[in-house]
Each structure stands twice: as structure tokens, then as C-alpha cells.
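Structure data follow from data-v3.cif (mmCIF, C-alpha atoms):
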```cif
data_run
#
loop_
_atom_site.label_atom_id
_atom_site.label_comp_id
_atom_site.auth_asym_id
_atom_site.auth_seq_id
_atom_site.Cartn_x
_atom_site.Cartn_y
_atom_site.Cartn_z
CA MET L 1 -6.37 -25.09 3.47
CA ALA L 2 -5.51 -25.68 -0.16
CA LYS L 3 -1.97 -25.50 -1.46
CA TYR L 4 -1.22 -23.69 -4.67
CA TYR L 5 2.09 -25.22 -5.71
CA TYR L 6 1.83 -24.71 -9.45
CA LEU L 7 0.12 -21.34 -9.32
CA ILE L 8 2.58 -19.74 -6.92
CA SER L 9 5.66 -21.30 -8.52
CA SER L 10 4.54 -19.94 -11.92
CA LEU L 11 4.28 -16.33 -10.68
CA PRO L 12 7.24 -14.11 -11.54
CA MET L 13 9.04 -12.24 -8.78
CA ILE L 14 7.95 -8.61 -8.44
CA LYS L 15 10.04 -5.75 -7.11
CA VAL L 16 9.53 -2.06 -6.48
CA GLY L 17 10.94 -0.01 -9.35
CA GLU L 18 10.52 -2.75 -11.93
CA PRO L 19 7.64 -3.13 -14.40
CA LEU L 20 4.89 -5.55 -13.45
CA PRO L 21 4.47 -8.68 -15.56
CA PHE L 22 0.67 -8.21 -15.45
CA SER L 23 -1.96 -5.99 -13.90
CA TYR L 24 -3.87 -6.69 -10.70
CA GLU L 25 -6.97 -7.57 -12.76
CA GLU L 26 -4.94 -10.01 -14.89
CA PHE L 27 -3.52 -11.55 -11.72
CA LEU L 28 -7.04 -12.08 -10.37
CA ALA L 29 -8.09 -13.69 -13.65
CA ILE L 30 -5.15 -16.11 -13.45
CA CYS L 31 -6.02 -16.97 -9.86
CA LYS L 32 -9.73 -17.39 -10.49
CA SER L 33 -9.17 -20.30 -12.83
CA GLU L 34 -6.77 -22.03 -10.41
CA MET L 35 -8.37 -21.49 -7.01
CA SER L 36 -11.40 -22.75 -5.17
CA SER L 37 -14.24 -20.23 -5.13
CA SER L 38 -14.02 -19.71 -1.33
CA ASP L 39 -10.25 -19.07 -1.47
CA TYR L 40 -10.72 -16.76 -4.44
CA LYS L 41 -13.30 -14.74 -2.50
CA GLU L 42 -10.76 -14.37 0.34
CA LEU L 43 -8.08 -13.32 -2.17
CA GLU L 44 -10.36 -10.58 -3.49
CA LYS L 45 -10.44 -9.13 0.04
CA ALA L 46 -6.68 -8.52 -0.09
CA THR L 47 -6.93 -4.76 -0.67
CA PHE L 48 -6.00 -1.51 1.03
CA THR L 49 -9.55 -1.00 2.21
CA SER L 50 -10.91 -2.43 5.40
CA ASP L 51 -13.08 -5.49 5.05
CA ASP L 52 -14.34 -6.76 8.37
CA SER L 53 -15.54 -9.97 6.75
CA ALA L 54 -11.99 -11.13 5.96
CA LYS L 55 -11.28 -14.39 7.75
CA SER L 56 -7.57 -14.50 7.11
CA SER L 57 -5.23 -13.73 9.98
CA LEU L 58 -2.95 -12.11 7.41
CA MET L 59 -5.63 -9.61 6.42
CA LYS L 60 -6.39 -8.83 10.05
CA MET L 61 -2.68 -8.22 10.64
CA TRP L 62 -2.53 -6.09 7.44
CA GLN L 63 -5.44 -3.95 8.60
CA GLN L 64 -3.81 -3.45 12.01
CA TYR L 65 -0.61 -2.37 10.28
CA LEU L 66 -2.49 0.08 8.03
CA ASP L 67 -4.14 1.53 11.14
CA LYS L 68 -0.78 1.80 12.94
CA VAL L 69 0.88 3.56 9.98
CA GLY L 70 -2.16 5.83 9.70
CA LEU L 71 -1.89 6.90 13.34
CA ILE L 72 1.83 7.58 13.06
CA LEU L 73 1.22 9.53 9.83
CA LYS L 74 -1.43 11.69 11.51
CA ASP L 75 0.89 12.34 14.41
CA GLU L 76 3.85 13.23 12.18
CA ARG L 77 1.74 15.50 9.98
CA ALA L 78 0.40 17.31 13.05
CA LYS L 79 3.94 17.82 14.32
CA ASN L 80 5.07 18.97 10.88
CA LEU L 81 2.25 21.55 10.83
CA LYS L 82 3.27 22.62 14.34
CA TRP L 83 -0.19 22.09 15.75
CA ASN L 84 0.26 22.82 19.44
CA ASP L 85 -2.89 21.00 20.47
CA ALA L 86 -2.04 17.84 18.53
CA LYS L 87 -2.31 14.68 20.58
CA ILE L 88 0.72 12.47 20.47
CA LEU L 89 -1.00 9.24 19.50
CA THR L 90 2.04 7.16 18.74
CA GLU L 91 4.16 7.44 21.86
CA MET L 92 3.05 3.95 22.82
CA SER L 93 4.36 2.52 19.55
CA SER L 94 7.48 0.49 20.11
CA ASP L 95 8.73 0.66 16.53
CA PRO L 96 11.24 3.51 16.30
CA VAL L 97 12.39 2.42 12.83
CA LEU L 98 8.86 2.73 11.46
CA LYS L 99 8.38 6.09 13.17
CA ASP L 100 11.66 7.33 11.67
CA ARG L 101 10.75 6.17 8.15
CA ILE L 102 7.34 7.83 8.37
CA HIS L 103 8.91 11.01 9.78
CA ARG L 104 11.29 11.15 6.80
CA ALA L 105 8.37 10.57 4.42
CA VAL L 106 6.28 13.36 5.96
CA THR L 107 9.14 15.86 6.08
CA ALA L 108 10.44 15.07 2.58
CA MET L 109 10.87 18.14 0.42
CA ASN L 110 9.10 16.37 -2.42
CA PRO L 111 5.62 15.04 -1.53
CA LEU L 112 5.88 12.43 -4.29
CA GLU L 113 9.01 10.98 -2.70
CA GLY L 114 7.22 10.96 0.65
CA GLU L 115 4.29 9.04 -0.82
CA LYS L 116 6.66 6.56 -2.46
CA GLU L 117 8.38 6.00 0.88
CA ILE L 118 5.04 5.22 2.56
CA LEU L 119 4.31 2.70 -0.20
CA ASN L 120 7.79 1.22 0.29
CA ILE L 121 7.00 0.86 4.00
CA TYR L 122 3.90 -1.17 3.12
CA PHE L 123 5.81 -3.27 0.59
CA ASP L 124 8.59 -4.01 3.11
CA PHE L 125 6.03 -5.02 5.73
CA LEU L 126 4.46 -7.51 3.33
CA THR L 127 7.85 -8.89 2.33
CA SER L 128 8.85 -9.38 5.96
CA ASN L 129 5.59 -11.16 6.72
CA SER L 130 5.68 -13.68 3.93
CA SER L 131 4.22 -16.87 5.19
CA LEU L 132 6.43 -19.76 6.23
CA ASP L 133 4.30 -21.86 3.90
CA PRO L 134 5.26 -20.53 0.46
CA PHE L 135 2.36 -22.22 -1.35
CA SER L 136 -0.47 -20.89 0.81
CA ILE L 137 -3.29 -18.51 0.02
CA GLU L 138 -1.63 -16.00 2.37
CA ASN L 139 1.31 -15.73 -0.03
CA LEU L 140 -1.11 -15.13 -2.89
CA MET L 141 -2.71 -12.38 -0.82
CA ILE L 142 0.69 -10.81 -0.17
CA TYR L 143 1.44 -10.99 -3.89
CA ALA L 144 -1.90 -9.31 -4.68
CA LEU L 145 -1.20 -6.50 -2.21
CA LYS L 146 2.31 -6.01 -3.61
CA ILE L 147 0.90 -5.70 -7.15
CA GLN L 148 -1.51 -3.02 -5.93
CA ILE L 149 1.35 -1.10 -4.29
CA ILE L 150 3.52 -1.22 -7.40
CA GLU L 151 0.58 -0.20 -9.61
CA ARG L 152 0.01 2.81 -7.37
CA MET L 153 3.69 3.74 -7.59
CA ASN L 154 3.64 3.35 -11.36
CA ALA L 155 0.57 5.59 -11.60
CA PHE L 156 2.60 8.58 -10.42
CA SER L 157 3.45 10.73 -13.40
CA LYS L 158 5.35 13.99 -13.27
CA GLU L 159 3.57 15.22 -16.39
CA LYS L 160 0.10 14.38 -15.03
CA GLY L 161 1.00 15.98 -11.71
CA ASN L 162 2.18 19.19 -13.36
CA ASN L 163 -0.95 19.32 -15.52
CA GLU L 164 -3.19 18.86 -12.47
CA PHE L 165 -1.27 21.56 -10.58
CA ARG L 166 -1.67 23.99 -13.49
CA ARG L 167 -5.40 23.17 -13.72
CA LEU L 168 -5.97 23.75 -10.00
CA PHE L 169 -3.82 26.88 -9.94
CA SER L 170 -5.73 28.25 -12.94
CA ARG L 171 -9.05 27.67 -11.14
CA ILE L 172 -7.75 29.56 -8.11
CA GLN L 173 -6.56 32.44 -10.28
CA ASP L 174 -9.94 32.60 -12.01
CA GLN L 175 -11.67 32.92 -8.63
CA PHE L 176 -9.62 36.02 -7.79
CA GLU L 177 -10.07 37.78 -11.11
#
```

Would you put the structure from the file into C-alpha cells?
Amino acid sequence: MAKYYYLISSLPMIKVGEPLPFSYEEFLAICKSEMSSSDYKELEKATFTSDDSAKSSLMKMWQQYLDKVGLILKDERAKNLKWNDAKILTEMSSDPVLKDRIHRAVTAMNPLEGEKEILNIYFDFLTSNSSLDPFSIENLMIYALKIQIIERMNAFSKEKGNNEFRRLFSRIQDQFE
């Protein structure tokens, strides 16, 4: 497996709540010129969507984590809606801290804050699973996923949200008039 000493050491540190130094597309462009074509193709698979063709153990672990969070989210939302027939899918999960964080996200008074907490959960998972080999493709994949998370967080806009709410509410009012 190739080592990317210069590429990784030249990347600035990224943190939640701080502006990104470049977009995800710009990051990919930087990587494309520095990586082998096979490694670059693997890097492109570092997304939130499932890709069964990913060879990386990191991406398999990432997909399992997304599935686990998804199950706990479904369970917490069912409980929050007081669905009596809801199956408790996550009782076998041995991660009470994760369950508690997701519970707080689902029951947050502000849905935006709940969504941000879920994204923080993903970001924290990636940070805690940084590879022991800091110059590996896995660390580039983690970096790519972190950029996507921060871009999603930065896309939230109170003004856009209020405008969308007004638009949807207006459509509903029009239907009843």
C-alpha cells in the first residue's frame, strides 16, 4: 500500500465549527494528482452511501457504523413517537454512550441541533478510528469523510430553513382554501 507522506502532511487540520480550507471537490482534485489511480478510486468510495465494491476495511467498518447508528436512530424515533408496536432493535448494542448521544439528538427541542449532534457522532467516530499509520490511504479516506460532514453542517442555514418552512406552510394553507 502506498504511503502519502507529503500529501497528508500538507493537509490542514479540520475541526467541526471551523471553516473548511477547501471543498470536498477541491480535496479530490488535490488527491487525484498525487495518488495512484487505484488508490484514488478507493478514495472516491469514501462517502456516506453504501458501496459494496469498497475494498478498504475502513469503509466496511464505516458502513457497519452507519448501519448501527441508523438502527439506534430508528429505535429512538419510534420510542419518541410512542409507537407501542415498535421493535426494540438496539437492546443488543453494547454502546450505552452512543445510545445516550443519539437519544439526546432525537429528543432535542431543536431538530437542527439534533441533526448536528448526529453529524458530531459520525465525526467523533472517524477521529477515534484514525489509522495508526498516519500516512495511509485510510487517513485520506477519514479526511474525505470529515470534509463531507463539515460541509453538511455548514449547509444548514436558519434563513434557508425558515424560507422552506414558509413555502411548505403556504402550500398547505393553499390546499385548505

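With all atoms listed in the file as the basis for measurement, L:Asn120 is the residue among L:Asn120, L:Gln148, L:Asn139, L:Ser38 that approaches Gly17 of chain L most closely.
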
Min atom-atom distance to Ile149 of chain L from the set L:Ala46, L:Leu71, L:Leu132, L:Leu11, counting only C-alpha atoms, belongs to L:Ala46

List the residues selected by the PyMOL selection byres ((chain L and resi 146) around 10) in the file shown, writing them as a list in words.
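Written out, the selection comes to Ile14, Lys15, Val16, Tyr24, Ala46, Thr47, Leu119, Asn120, Tyr122, Phe123, Asp124, Leu126, Thr127, Leu140, Met141, Ile142, Tyr143, Ala144, Leu145, Ile147, Gln148, Ile149, Ile150, Glu151 and Arg152 of chain L.
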
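Atom to atom, atom CA of Ala108 of chain L and atom CA of Ala78 of chain L stand 14.7 Å apart.
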
What is the distance, in Å and to one decimal place, between atom CA of Ser56 of chain L and atom CA of Met13 of chain L?
23.1 Å

Env of Leu112 of chain L: 12 Å cut, atoms = all atoms listed in the file, seq-sep filter 4 positions within chain, self excluded. Answer as an NGL selection string.
:L and (105-108 or 116-119 or 152-158 or 161-162)

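The residue that comes closest to Asp133 of chain L, out of L:Met109, L:Ala2, L:Val69, L:Leu168 and on the basis of only C-alpha atoms, is L:Ala2.
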
Rank L:Tyr6, L:Tyr40, L:Trp62, L:Phe48 by their smallest atom-to-atom distance to Asn129 of chain L, using only C-alpha atoms, and report the top residue only.
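Comparing L:Tyr6, L:Tyr40, L:Trp62, L:Phe48 against Asn129 of chain L, the winner is L:Trp62.
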
Take every atom of segment 99-104 of chain L listed in the file, pad by 4 Å on each side, and give me the axis-aligned box centre and edge lengths in Å, one decimal, as JSON.
```
{"center_x": 9.5, "center_y": 8.6, "center_z": 10.0, "size_x": 12.3, "size_y": 13.1, "size_z": 14.4}
```

Computed interatomic separation between atom CA of Pro134 of chain L and atom CA of Thr49 of chain L (Å):
24.6 Å

Which one of L:Asn163, L:Ser136, L:Asn80, L:Ser10 sits closest to Leu43 of chain L if you count only C-alpha atoms?
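Using only C-alpha atoms, the shortest distance to Leu43 of chain L belongs to L:Ser136.
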
Mind telling me what the PyMOL selection byres ((chain L and resi 57) around 12) catches here, as a ChimeraX atom specification?
/L:42,46,52-56,58-64,129,131,137-138,141

Given the choices L:Lys41, L:Lys79, L:Arg101, L:Asp95, which gets closest to Glu113 of chain L if the distance is worked out from all atoms listed in the file?
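For Glu113 of chain L, the nearest of the candidates is L:Arg101.
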